[in-house]
>>> print(open('target04.tsv').read())   # TSV, C-alpha atoms
chain	number	residue	atom	x	y	z
M	4	GLY	CA	-85.09	-110.63	202.90
M	5	ASP	CA	-84.91	-107.27	204.66
M	6	GLY	CA	-88.28	-107.87	206.35
M	7	ALA	CA	-87.08	-111.10	207.96
M	8	THR	CA	-83.87	-109.40	209.12
M	9	THR	CA	-85.86	-106.53	210.66
M	10	ALA	CA	-88.22	-108.97	212.41
M	11	ALA	CA	-85.29	-110.97	213.78
M	12	GLY	CA	-83.69	-107.77	215.04
M	13	ALA	CA	-86.89	-106.69	216.76
M	14	GLU	CA	-87.27	-110.11	218.39
M	15	TYR	CA	-83.68	-109.98	219.66
M	16	THR	CA	-84.29	-106.50	221.09
M	17	ASN	CA	-87.39	-107.75	222.91
M	18	ILE	CA	-85.50	-110.73	224.34
M	19	VAL	CA	-82.70	-108.49	225.60
M	20	LYS	CA	-85.24	-106.09	227.12
M	21	ARG	CA	-87.07	-108.90	228.94
M	22	ASN	CA	-83.80	-110.35	230.25
M	23	ALA	CA	-82.56	-106.95	231.40
M	24	PHE	CA	-85.69	-106.23	233.43
M	25	TRP	CA	-85.73	-109.80	234.79
M	26	MET	CA	-82.16	-109.33	235.99
M	27	GLN	CA	-83.05	-105.97	237.54
M	28	ARG	CA	-85.91	-107.52	239.53
M	29	THR	CA	-83.72	-110.46	240.60
M	30	LEU	CA	-80.93	-108.24	241.89
M	31	GLU	CA	-83.33	-105.86	243.64
M	32	ARG	CA	-84.55	-108.78	245.77
M	33	ASN	CA	-81.00	-109.34	247.05
M	34	PRO	CA	-80.00	-106.99	249.94
M	35	LEU	CA	-76.40	-106.92	248.64
M	36	PHE	CA	-77.47	-104.81	245.64
M	37	GLU	CA	-78.64	-101.20	245.52
M	38	ASP	CA	-79.52	-98.62	242.85
M	39	VAL	CA	-80.15	-101.34	240.25
M	40	GLN	CA	-81.29	-99.98	236.89
M	41	ALA	CA	-81.90	-101.73	233.57
M	42	VAL	CA	-80.98	-99.76	230.44
M	43	PRO	CA	-81.93	-102.12	227.60
M	44	TRP	CA	-82.20	-99.37	224.95
M	45	ALA	CA	-78.56	-98.24	225.26
M	46	ARG	CA	-76.03	-98.85	222.45
M	47	VAL	CA	-74.87	-101.76	224.59
M	48	PRO	CA	-77.81	-103.04	226.70
M	49	VAL	CA	-76.82	-102.96	230.35
M	50	VAL	CA	-77.99	-103.44	233.92
M	51	ARG	CA	-76.10	-101.18	236.30
M	52	GLY	CA	-76.07	-100.85	240.05
M	53	ARG	CA	-74.01	-101.03	243.21
M	54	MET	CA	-72.92	-104.11	245.15
M	55	LEU	CA	-72.36	-103.68	248.88
M	56	ARG	CA	-69.67	-105.02	251.21
M	57	VAL	CA	-67.17	-106.30	248.63
M	58	GLY	CA	-64.11	-104.58	250.13
M	59	ASN	CA	-63.60	-102.12	247.27
M	60	PRO	CA	-60.64	-99.85	248.23
M	61	GLY	CA	-62.04	-97.10	246.02
M	62	SER	CA	-65.11	-96.39	248.15
M	63	ALA	CA	-65.59	-95.44	251.77
M	64	ASP	CA	-68.15	-98.20	252.43
M	65	GLY	CA	-66.41	-100.93	250.41
M	66	SER	CA	-69.14	-101.06	247.76
M	67	ILE	CA	-68.54	-101.23	244.02
M	68	GLN	CA	-70.54	-99.99	241.05
M	69	PHE	CA	-71.09	-102.49	238.25
M	70	ASP	CA	-72.39	-102.82	234.72
M	71	ILE	CA	-73.72	-106.11	233.36
M	72	CYS	CA	-73.70	-106.06	229.56
M	73	PHE	CA	-75.75	-108.17	227.16
M	74	GLY	CA	-74.36	-109.70	223.97
M	75	ASN	CA	-71.16	-107.65	224.10
M	76	ASN	CA	-67.95	-109.66	224.22
M	77	ARG	CA	-66.04	-106.51	223.38
M	78	ALA	CA	-66.79	-105.11	226.83
M	79	VAL	CA	-64.90	-108.07	228.32
M	80	ARG	CA	-61.93	-107.33	226.04
M	81	ASN	CA	-62.06	-103.63	226.89
M	82	SER	CA	-62.14	-104.34	230.62
M	83	LYS	CA	-59.23	-106.78	230.33
M	84	LEU	CA	-57.10	-104.15	228.58
M	85	LEU	CA	-57.85	-101.56	231.29
M	86	ARG	CA	-57.01	-104.14	233.96
M	87	GLU	CA	-53.62	-104.80	232.39
M	88	TYR	CA	-52.79	-101.09	232.50
M	89	ALA	CA	-53.84	-100.97	236.16
M	90	PHE	CA	-51.42	-103.84	236.88
M	91	ILE	CA	-48.44	-101.94	235.44
M	92	ASN	CA	-48.01	-99.91	238.62
M	93	GLU	CA	-50.15	-99.44	241.74
M	94	ARG	CA	-50.14	-95.67	241.21
M	95	VAL	CA	-51.95	-96.26	237.91
M	96	THR	CA	-54.64	-98.08	239.88
M	97	TYR	CA	-54.92	-95.23	242.38
M	98	VAL	CA	-55.20	-92.58	239.66
M	99	MET	CA	-57.85	-94.59	237.81
M	100	ILE	CA	-59.88	-95.08	240.98
M	101	LEU	CA	-59.62	-91.43	242.01
M	102	ILE	CA	-60.55	-90.09	238.58
M	103	LYS	CA	-63.52	-92.46	238.42
M	104	ILE	CA	-64.73	-91.25	241.83
M	105	TRP	CA	-64.04	-87.63	240.83
M	106	ALA	CA	-66.03	-87.90	237.60
M	107	LYS	CA	-68.96	-89.73	239.20
M	108	ALA	CA	-69.36	-88.53	242.77
M	109	GLY	CA	-67.31	-85.35	242.81
M	110	VAL	CA	-68.21	-83.31	239.75
M	111	ASP	CA	-70.92	-85.47	238.09
M	112	ILE	CA	-69.55	-85.71	234.54
M	113	ALA	CA	-69.51	-89.50	234.07
M	114	SER	CA	-72.69	-90.23	232.13
M	115	ALA	CA	-72.79	-90.56	228.35
M	116	ALA	CA	-76.59	-90.66	228.60
M	117	ASP	CA	-76.52	-87.18	230.16
M	118	GLY	CA	-74.19	-85.68	227.57
M	119	THR	CA	-70.81	-86.13	229.27
M	120	LEU	CA	-68.44	-89.14	229.20
M	121	SER	CA	-68.81	-92.71	230.48
M	122	SER	CA	-66.56	-94.10	233.21
M	123	TYR	CA	-64.91	-96.34	230.61
M	124	THR	CA	-64.10	-93.25	228.51
M	125	TRP	CA	-62.57	-91.50	231.52
M	126	MET	CA	-60.30	-94.50	232.04
M	127	ASN	CA	-59.14	-94.15	228.43
M	128	LEU	CA	-58.30	-90.50	229.15
M	129	VAL	CA	-56.28	-91.53	232.23
M	130	ILE	CA	-54.29	-94.15	230.33
M	131	PHE	CA	-53.63	-91.82	227.38
M	132	TYR	CA	-52.28	-89.09	229.66
M	133	LEU	CA	-50.01	-91.61	231.43
M	134	GLN	CA	-48.78	-92.86	228.04
M	135	VAL	CA	-48.00	-89.32	226.89
M	136	ILE	CA	-45.77	-88.69	229.93
M	137	ASP	CA	-44.18	-92.19	229.58
M	138	PHE	CA	-45.60	-93.41	232.88
M	139	VAL	CA	-47.04	-96.52	231.20
M	140	PRO	CA	-46.21	-98.29	227.93
M	141	ASN	CA	-48.50	-98.77	224.97
M	142	LEU	CA	-49.66	-102.37	225.42
M	143	GLN	CA	-51.05	-102.47	221.86
M	144	SER	CA	-47.83	-101.29	220.24
M	145	LYS	CA	-46.84	-103.64	217.42
M	146	ASP	CA	-43.19	-102.68	217.97
M	147	LEU	CA	-43.40	-103.60	221.66
M	148	ILE	CA	-45.18	-106.87	220.85
M	149	GLY	CA	-42.35	-107.62	218.41
M	150	GLU	CA	-39.74	-106.92	221.11
M	151	TYR	CA	-41.55	-109.24	223.49
M	152	ASN	CA	-41.66	-112.01	220.91
M	153	ARG	CA	-37.92	-111.66	220.27
M	154	TRP	CA	-37.33	-111.91	224.01
M	155	ALA	CA	-39.61	-114.96	224.29
M	156	THR	CA	-37.92	-116.66	221.31
M	157	ALA	CA	-34.46	-116.10	222.79
M	158	GLY	CA	-35.49	-117.72	226.09
M	159	ASP	CA	-35.67	-121.35	227.07
M	160	GLY	CA	-39.10	-121.92	225.59
M	161	ARG	CA	-41.01	-121.28	228.83
M	162	TRP	CA	-42.89	-118.29	227.46
M	163	GLU	CA	-45.27	-118.25	224.52
M	164	ARG	CA	-45.00	-115.67	221.78
M	165	ARG	CA	-47.74	-113.05	221.59
M	166	PRO	CA	-49.67	-112.87	218.27
M	167	ALA	CA	-49.01	-109.54	216.56
M	168	THR	CA	-52.62	-109.58	215.42
M	169	GLU	CA	-55.53	-111.25	217.21
M	170	ARG	CA	-58.77	-111.11	215.27
M	171	LEU	CA	-62.04	-112.73	216.32
M	172	GLU	CA	-65.24	-113.23	214.39
M	173	ASP	CA	-65.92	-109.47	214.38
M	174	SER	CA	-62.60	-108.87	212.52
M	175	LEU	CA	-61.33	-106.36	215.11
M	176	ASP	CA	-57.72	-106.60	216.31
M	177	TYR	CA	-57.57	-107.40	220.04
M	178	ALA	CA	-53.83	-108.07	220.31
M	179	HIS	CA	-52.07	-106.52	223.31
M	180	LEU	CA	-49.42	-107.35	225.86
M	181	THR	CA	-50.16	-108.00	229.53
M	182	ALA	CA	-48.59	-106.30	232.52
M	183	ALA	CA	-46.97	-109.62	233.49
M	184	GLU	CA	-45.32	-109.87	230.06
M	185	ILE	CA	-43.99	-106.33	230.39
M	186	HIS	CA	-42.60	-106.97	233.87
M	187	ARG	CA	-40.95	-110.33	233.26
M	188	SER	CA	-39.39	-109.42	229.92
M	189	GLY	CA	-38.06	-105.99	230.89
M	190	ILE	CA	-38.73	-104.71	227.35
M	191	TRP	CA	-40.11	-101.45	228.78
M	192	ARG	CA	-38.94	-99.61	231.87
M	193	GLN	CA	-40.43	-96.53	233.45
M	194	PRO	CA	-38.09	-93.53	233.23
M	195	GLU	CA	-36.13	-92.95	236.42
M	196	HIS	CA	-37.51	-89.45	237.01
M	197	LEU	CA	-41.08	-90.82	237.16
M	198	ARG	CA	-40.50	-93.58	239.69
M	199	ARG	CA	-41.09	-91.31	242.68
M	200	VAL	CA	-43.83	-89.13	241.25
M	201	SER	CA	-46.73	-88.93	243.70
M	202	VAL	CA	-50.34	-89.77	242.93
M	203	SER	CA	-51.31	-86.15	243.71
M	204	SER	CA	-48.83	-84.88	241.09
M	205	LEU	CA	-50.20	-87.32	238.53
M	206	LEU	CA	-53.74	-86.11	239.26
M	207	LEU	CA	-52.70	-82.48	238.84
M	208	GLY	CA	-50.96	-83.34	235.58
M	209	PHE	CA	-54.07	-85.13	234.33
M	210	PHE	CA	-56.34	-82.16	235.02
M	211	GLU	CA	-53.92	-79.63	233.55
M	212	TYR	CA	-53.17	-81.68	230.45
M	213	TYR	CA	-56.79	-81.90	229.31
M	214	ALA	CA	-57.86	-78.49	230.62
M	215	PHE	CA	-55.01	-76.42	229.17
M	216	TYR	CA	-52.61	-78.34	226.94
M	217	PHE	CA	-54.28	-81.04	224.86
M	218	ASN	CA	-55.40	-79.67	221.49
M	219	ARG	CA	-58.85	-81.17	221.18
M	220	THR	CA	-59.64	-79.01	218.13
M	221	PHE	CA	-57.32	-81.00	215.86
M	222	LEU	CA	-56.16	-84.11	217.74
M	223	ALA	CA	-57.84	-87.35	218.82
M	224	ILE	CA	-57.15	-89.32	222.00
M	225	SER	CA	-56.12	-92.93	221.40
M	226	ILE	CA	-54.52	-95.40	223.81
M	227	ARG	CA	-53.90	-97.61	220.77
M	228	VAL	CA	-51.56	-94.93	219.41
M	229	GLY	CA	-50.35	-93.72	222.80
M	230	ARG	CA	-49.22	-90.31	221.55
M	231	PRO	CA	-51.05	-87.08	220.58
M	232	THR	CA	-50.49	-87.63	216.85
M	233	LEU	CA	-53.81	-89.00	215.57
M	234	LEU	CA	-55.76	-86.29	213.73
M	235	LYS	CA	-59.49	-85.86	214.21
M	236	THR	CA	-59.92	-85.87	210.45
M	237	ALA	CA	-59.63	-89.68	210.66
M	238	PHE	CA	-63.11	-89.64	212.22
M	239	ARG	CA	-65.87	-88.58	209.87
M	240	LYS	CA	-68.30	-87.44	212.59
M	241	ALA	CA	-65.81	-85.81	214.99
M	242	GLN	CA	-66.65	-82.28	216.07
M	243	MET	CA	-63.96	-79.64	216.55
M	244	ASP	CA	-65.19	-78.36	219.91
M	245	ARG	CA	-65.38	-81.79	221.62
M	246	PHE	CA	-63.05	-84.59	222.65
M	247	CYS	CA	-62.57	-87.24	219.98
M	248	ILE	CA	-61.60	-90.49	221.72
M	249	GLU	CA	-60.83	-93.59	219.69
M	250	ASP	CA	-61.97	-96.90	221.14
M	251	PRO	CA	-58.84	-99.11	221.47
M	252	PHE	CA	-60.40	-101.88	219.36
M	253	GLU	CA	-63.18	-100.22	217.34
M	254	THR	CA	-60.64	-97.93	215.70
M	255	HIS	CA	-60.98	-95.38	212.91
M	256	ALA	CA	-59.48	-97.90	210.46
M	257	SER	CA	-61.74	-100.80	211.51
M	258	SER	CA	-65.09	-101.85	210.11
M	259	GLU	CA	-66.86	-100.46	213.21
M	260	VAL	CA	-65.55	-97.03	214.12
M	261	HIS	CA	-66.38	-95.87	217.65
M	262	ASP	CA	-65.56	-92.38	218.89
M	263	LEU	CA	-66.09	-92.57	222.66
M	264	GLY	CA	-66.37	-88.78	222.85
M	265	MET	CA	-69.30	-88.54	220.43
M	266	HIS	CA	-71.83	-88.86	223.28
M	267	ALA	CA	-70.76	-85.56	224.84
M	268	SER	CA	-73.11	-82.71	224.04
M	269	GLU	CA	-71.94	-79.15	223.47
M	270	ASP	CA	-72.99	-78.22	227.00
M	271	GLY	CA	-71.45	-81.44	228.31
M	272	GLN	CA	-68.06	-80.67	226.77
M	273	ARG	CA	-68.13	-77.14	228.17
M	274	TRP	CA	-69.03	-78.55	231.60
M	275	ILE	CA	-66.18	-81.08	231.36
M	276	THR	CA	-63.66	-78.38	230.47
M	277	GLU	CA	-64.81	-76.11	233.30
M	278	LYS	CA	-64.61	-78.95	235.82
M	279	MET	CA	-61.12	-79.86	234.61
M	280	GLN	CA	-59.93	-76.28	235.04
M	281	CYS	CA	-61.48	-75.93	238.50
M	282	SER	CA	-60.11	-79.33	239.53
M	283	ALA	CA	-56.60	-78.34	238.46
M	284	GLU	CA	-56.78	-75.29	240.74
M	285	ALA	CA	-58.19	-77.35	243.61
M	286	MET	CA	-55.45	-79.96	243.16
M	287	LYS	CA	-52.77	-77.26	243.25
M	288	LYS	CA	-54.08	-76.09	246.63
M	289	ILE	CA	-53.95	-79.66	247.98
M	290	ILE	CA	-50.37	-80.16	246.78
M	291	VAL	CA	-49.22	-76.83	248.23
M	292	LYS	CA	-50.76	-77.79	251.57
M	293	ILE	CA	-49.06	-81.21	251.49
M	294	GLU	CA	-45.68	-79.65	250.61
M	295	GLU	CA	-46.02	-77.10	253.40
M	296	GLU	CA	-47.25	-79.41	256.16
M	297	GLY	CA	-46.47	-82.93	254.94
M	298	PRO	CA	-48.94	-85.75	254.16
M	299	CYS	CA	-50.92	-85.28	257.36
M	300	ARG	CA	-54.54	-84.60	258.21
M	301	GLU	CA	-54.23	-80.83	257.84
M	302	VAL	CA	-55.24	-80.59	254.19
M	303	ASP	CA	-57.38	-78.26	252.13
M	304	VAL	CA	-60.71	-79.88	253.05
M	305	ASP	CA	-62.76	-77.65	250.72
M	306	SER	CA	-60.66	-78.70	247.74
M	307	ILE	CA	-60.85	-82.37	248.72
M	308	ASN	CA	-64.64	-82.16	249.09
M	309	PHE	CA	-64.99	-80.39	245.73
M	310	LEU	CA	-63.01	-83.10	243.95
M	311	TRP	CA	-64.40	-86.23	245.56
M	312	GLY	CA	-67.70	-85.41	247.22
M	313	ASP	CA	-68.95	-87.95	249.77
M	314	ASP	CA	-65.85	-90.13	249.31
M	315	ALA	CA	-63.51	-87.19	249.96
M	316	MET	CA	-61.89	-88.16	253.24
M	317	HIS	CA	-61.50	-91.77	252.13
M	318	CYS	CA	-59.47	-90.52	249.15
M	319	LEU	CA	-56.84	-88.87	251.35
M	320	GLY	CA	-55.04	-92.15	251.93
M	321	ARG	CA	-54.37	-92.50	248.19
M	322	PHE	CA	-52.04	-89.50	247.98
>>> encode(input="target04.tsv", output="structure tokens")
Amino acid sequence: GDGATTAAGAEYTNIVKRNAFWMQRTLERNPLFEDVQAVPWARVPVVRGRMLRVGNPGSADGSIQFDICFGNNRAVRNSKLLREYAFINERVTYVMILIKIWAKAGVDIASAADGTLSSYTWMNLVIFYLQVIDFVPNLQSKDLIGEYNRWATAGDGRWERRPATERLEDSLDYAHLTAAEIHRSGIWRQPEHLRRVSVSSLLLGFFEYYAFYFNRTFLAISIRVGRPTLLKTAFRKAQMDRFCIEDPFETHASSEVHDLGMHASEDGQRWITEKMQCSAEAMKKIIVKIEEEGPCREVDVDSINFLWGDDAMHCLGRF
């Protein structure tokens, strides 16, 4: 009955909590790990921290921040989808890395627990913006999957068709193309005018799009849709003054709706908007300096420091 279900749920929660703190203590004893923290009460129980000396190009010291999730296969699927977008073009990787550093170290708006947005959510915002300007394709597009399957069928049988729908035991649809499938089939090509766009211009466009142009009052962000056409009214709990961000798999039409923007508080959304606006102005100064003097060391250091904090000078090489 309900009592047995509740007891089983409580026992599972206790097991997860014990395992999370055990993992925290284990990692803390290893000198390769720093800032280890168990968060077993989160929506998805997690142990987070930083691993040293792994050669991460996105940090000055080569370290990398990590999350270890418990009982959440969806996180693996989510990470795989983000990875495929990063493999589309190296500039996508650079923009994702720089926005992640910006949100965490630069302006401190990358914590759902503190009323802003998680790093995973910021990556969704990056991909959506790049989809809107046609810099990347929509890997979940059923039309694009259909085009790939027609290409694979017409070949010599070397390539497998991609299922149009891929449902697991949770009934969510995880079907998407990979970067390799996009590249080898040629079913999508980046527009010619975007092939020489700099990382700095993409960063400026990102800040300006969400600070000044995206209509968050009426529209939702969705990399599953890939265009600003999904109305917020599809989400029962969406609030007009905050970003509504559809999870790519836990969609508004699924059995488990997840609005990634719901964790932002009113103050958090205002803080995000202000930081976006200030960052757009700072990025403009950097681009003007680069255009005037070339991609050399004489840059607007104050703007760089504002955007990327302690990792500022390391970020210069990404432009």
>>> atom_distance(input="target04.tsv", atom1="atom CA of Ser258 of chain M", atom2="atom CA of Asp173 of chain M")
8.8 Å
>>> residues_around(input="target04.tsv", residues="Ile148 of chain M", least_positions_apart="5", cutoff="12 Å", atoms="only C-alpha atoms", output="PyMOL selection string")
chain M and resi 140-143+153-155+163-169+178-181+184-185+188+190-191
>>> residues_around(input="target04.tsv", residues="Ala283 of chain M", least_positions_apart="2", cutoff="7 Å", atoms="all atoms listed in the file", output="PDB file with C-alpha atoms, in the coordinates of the input")
ATOM      1  CA  LEU M 207     -52.700 -82.480 238.840  1.00  0.00           C
ATOM      2  CA  PHE M 210     -56.340 -82.160 235.020  1.00  0.00           C
ATOM      3  CA  GLU M 211     -53.920 -79.630 233.550  1.00  0.00           C
ATOM      4  CA  MET M 279     -61.120 -79.860 234.610  1.00  0.00           C
ATOM      5  CA  GLN M 280     -59.930 -76.280 235.040  1.00  0.00           C
ATOM      6  CA  CYS M 281     -61.480 -75.930 238.500  1.00  0.00           C
ATOM      7  CA  ALA M 285     -58.190 -77.350 243.610  1.00  0.00           C
ATOM      8  CA  MET M 286     -55.450 -79.960 243.160  1.00  0.00           C
ATOM      9  CA  LYS M 287     -52.770 -77.260 243.250  1.00  0.00           C
TER      10      LYS M 287
END
>>> axis_aligned_box(input="target04.tsv", around="segment 228-243 of chain M", padding_each_side="5 Å", output="AutoDock Vina command-line options")
--center_x -58.8 --center_y -87.3 --center_z 216.3 --size_x 29.1 --size_y 25.3 --size_z 22.9
>>> atom_distance(input="target04.tsv", atom1="atom CA of Asp111 of chain M", atom2="atom CA of Val202 of chain M")
21.6 Å
>>> closest_residue(input="target04.tsv", among="M:His186, M:Arg77, M:Arg94, M:His196", to="Leu133 of chain M", atoms="all atoms listed in the file")
M:Arg94
>>> atom_distance(input="target04.tsv", atom1="atom CA of Asn81 of chain M", atom2="atom CA of Glu150 of chain M")
23.3 Å
>>> closest_residue(input="target04.tsv", among="M:Tyr88, M:Trp105, M:Tyr15, M:Trp162", to="Phe131 of chain M", atoms="all atoms listed in the file")
M:Tyr88
>>> residues_around(input="target04.tsv", residues="segment 16-31 of chain M", least_positions_apart="5", cutoff="10 Å", atoms="all atoms listed in the file", output="PyMOL selection string")
chain M and resi 10-11+36-44+48-52+54+71-74
>>> closest_residue(input="target04.tsv", among="M:Leu128, M:Leu55, M:Val260, M:Leu175", to="Arg80 of chain M", atoms="only C-alpha atoms")
M:Leu175
>>> residues_around(input="target04.tsv", residues="Gln272 of chain M", least_positions_apart="6", cutoff="12 Å", atoms="all atoms listed in the file", output="NGL selection string")
:M and (112-115 or 117-120 or 213-214 or 219 or 242-247 or 264-266 or 278-279)
>>> residues_near_point(input="target04.tsv", point="(-63.9, -85.9, 232.4)", cutoff="6 Å", atoms="all atoms listed in the file", output="ChimeraX atom specification")
/M:106,125,275
>>> write_last_selection(input="target04.tsv", atoms="C-alpha atoms", output="short mmCIF file (atom, residue, chain, number, x, y, z; two decimals), keeping the file's coordinate frame")
data_model
loop_
_atom_site.label_atom_id
_atom_site.label_comp_id
_atom_site.auth_asym_id
_atom_site.auth_seq_id
_atom_site.Cartn_x
_atom_site.Cartn_y
_atom_site.Cartn_z
CA ALA M 106 -66.03 -87.90 237.60
CA TRP M 125 -62.57 -91.50 231.52
CA ILE M 275 -66.18 -81.08 231.36
#
>>> build_atoms(input="target04.tsv", residues="segment 217-231 of chain M", atoms="N, CA, C and O atoms", output="PDB file, keeping the file's coordinate frame")
ATOM      1  N   PHE M 217     -53.910 -80.161 225.969  1.00  0.00           N
ATOM      2  CA  PHE M 217     -54.280 -81.040 224.860  1.00  0.00           C
ATOM      3  C   PHE M 217     -55.115 -80.271 223.836  1.00  0.00           C
ATOM      4  O   PHE M 217     -56.080 -79.593 224.181  1.00  0.00           O
ATOM      5  N   ASN M 218     -54.735 -80.397 222.570  1.00  0.00           N
ATOM      6  CA  ASN M 218     -55.400 -79.670 221.490  1.00  0.00           C
ATOM      7  C   ASN M 218     -56.561 -80.498 220.947  1.00  0.00           C
ATOM      8  O   ASN M 218     -56.425 -81.251 219.979  1.00  0.00           O
ATOM      9  N   ARG M 219     -57.711 -80.362 221.574  1.00  0.00           N
ATOM     10  CA  ARG M 219     -58.850 -81.170 221.180  1.00  0.00           C
ATOM     11  C   ARG M 219     -59.479 -80.695 219.869  1.00  0.00           C
ATOM     12  O   ARG M 219     -60.302 -81.400 219.268  1.00  0.00           O
ATOM     13  N   THR M 220     -59.099 -79.510 219.393  1.00  0.00           N
ATOM     14  CA  THR M 220     -59.640 -79.010 218.130  1.00  0.00           C
ATOM     15  C   THR M 220     -59.162 -79.855 216.950  1.00  0.00           C
ATOM     16  O   THR M 220     -59.918 -80.116 216.015  1.00  0.00           O
ATOM     17  N   PHE M 221     -57.899 -80.293 217.006  1.00  0.00           N
ATOM     18  CA  PHE M 221     -57.320 -81.000 215.860  1.00  0.00           C
ATOM     19  C   PHE M 221     -56.930 -82.448 216.147  1.00  0.00           C
ATOM     20  O   PHE M 221     -56.812 -83.242 215.223  1.00  0.00           O
ATOM     21  N   LEU M 222     -56.717 -82.805 217.412  1.00  0.00           N
ATOM     22  CA  LEU M 222     -56.160 -84.110 217.740  1.00  0.00           C
ATOM     23  C   LEU M 222     -57.184 -85.025 218.402  1.00  0.00           C
ATOM     24  O   LEU M 222     -58.081 -84.576 219.114  1.00  0.00           O
ATOM     25  N   ALA M 223     -57.007 -86.328 218.174  1.00  0.00           N
ATOM     26  CA  ALA M 223     -57.840 -87.350 218.820  1.00  0.00           C
ATOM     27  C   ALA M 223     -57.036 -88.034 219.918  1.00  0.00           C
ATOM     28  O   ALA M 223     -55.798 -88.079 219.883  1.00  0.00           O
ATOM     29  N   ILE M 224     -57.746 -88.560 220.893  1.00  0.00           N
ATOM     30  CA  ILE M 224     -57.150 -89.320 222.000  1.00  0.00           C
ATOM     31  C   ILE M 224     -57.236 -90.799 221.635  1.00  0.00           C
ATOM     32  O   ILE M 224     -58.291 -91.281 221.232  1.00  0.00           O
ATOM     33  N   SER M 225     -56.125 -91.520 221.762  1.00  0.00           N
ATOM     34  CA  SER M 225     -56.120 -92.930 221.400  1.00  0.00           C
ATOM     35  C   SER M 225     -55.070 -93.681 222.193  1.00  0.00           C
ATOM     36  O   SER M 225     -53.870 -93.440 222.009  1.00  0.00           O
ATOM     37  N   ILE M 226     -55.503 -94.602 223.064  1.00  0.00           N
ATOM     38  CA  ILE M 226     -54.520 -95.400 223.810  1.00  0.00           C
ATOM     39  C   ILE M 226     -53.908 -96.461 222.902  1.00  0.00           C
ATOM     40  O   ILE M 226     -52.883 -97.042 223.246  1.00  0.00           O
ATOM     41  N   ARG M 227     -54.513 -96.714 221.756  1.00  0.00           N
ATOM     42  CA  ARG M 227     -53.900 -97.610 220.770  1.00  0.00           C
ATOM     43  C   ARG M 227     -52.662 -96.978 220.166  1.00  0.00           C
ATOM     44  O   ARG M 227     -51.645 -97.643 219.932  1.00  0.00           O
ATOM     45  N   VAL M 228     -52.702 -95.661 219.957  1.00  0.00           N
ATOM     46  CA  VAL M 228     -51.560 -94.930 219.410  1.00  0.00           C
ATOM     47  C   VAL M 228     -50.604 -94.526 220.530  1.00  0.00           C
ATOM     48  O   VAL M 228     -49.388 -94.622 220.392  1.00  0.00           O
ATOM     49  N   GLY M 229     -51.164 -94.040 221.638  1.00  0.00           N
ATOM     50  CA  GLY M 229     -50.350 -93.720 222.800  1.00  0.00           C
ATOM     51  C   GLY M 229     -49.611 -92.402 222.744  1.00  0.00           C
ATOM     52  O   GLY M 229     -48.824 -92.084 223.639  1.00  0.00           O
ATOM     53  N   ARG M 230     -49.846 -91.618 221.718  1.00  0.00           N
ATOM     54  CA  ARG M 230     -49.220 -90.310 221.550  1.00  0.00           C
ATOM     55  C   ARG M 230     -50.225 -89.358 220.913  1.00  0.00           C
ATOM     56  O   ARG M 230     -51.099 -89.792 220.164  1.00  0.00           O
ATOM     57  N   PRO M 231     -50.098 -88.048 221.161  1.00  0.00           N
ATOM     58  CA  PRO M 231     -51.050 -87.080 220.580  1.00  0.00           C
ATOM     59  C   PRO M 231     -50.699 -86.777 219.130  1.00  0.00           C
ATOM     60  O   PRO M 231     -50.316 -85.664 218.771  1.00  0.00           O
TER      61      PRO M 231
END
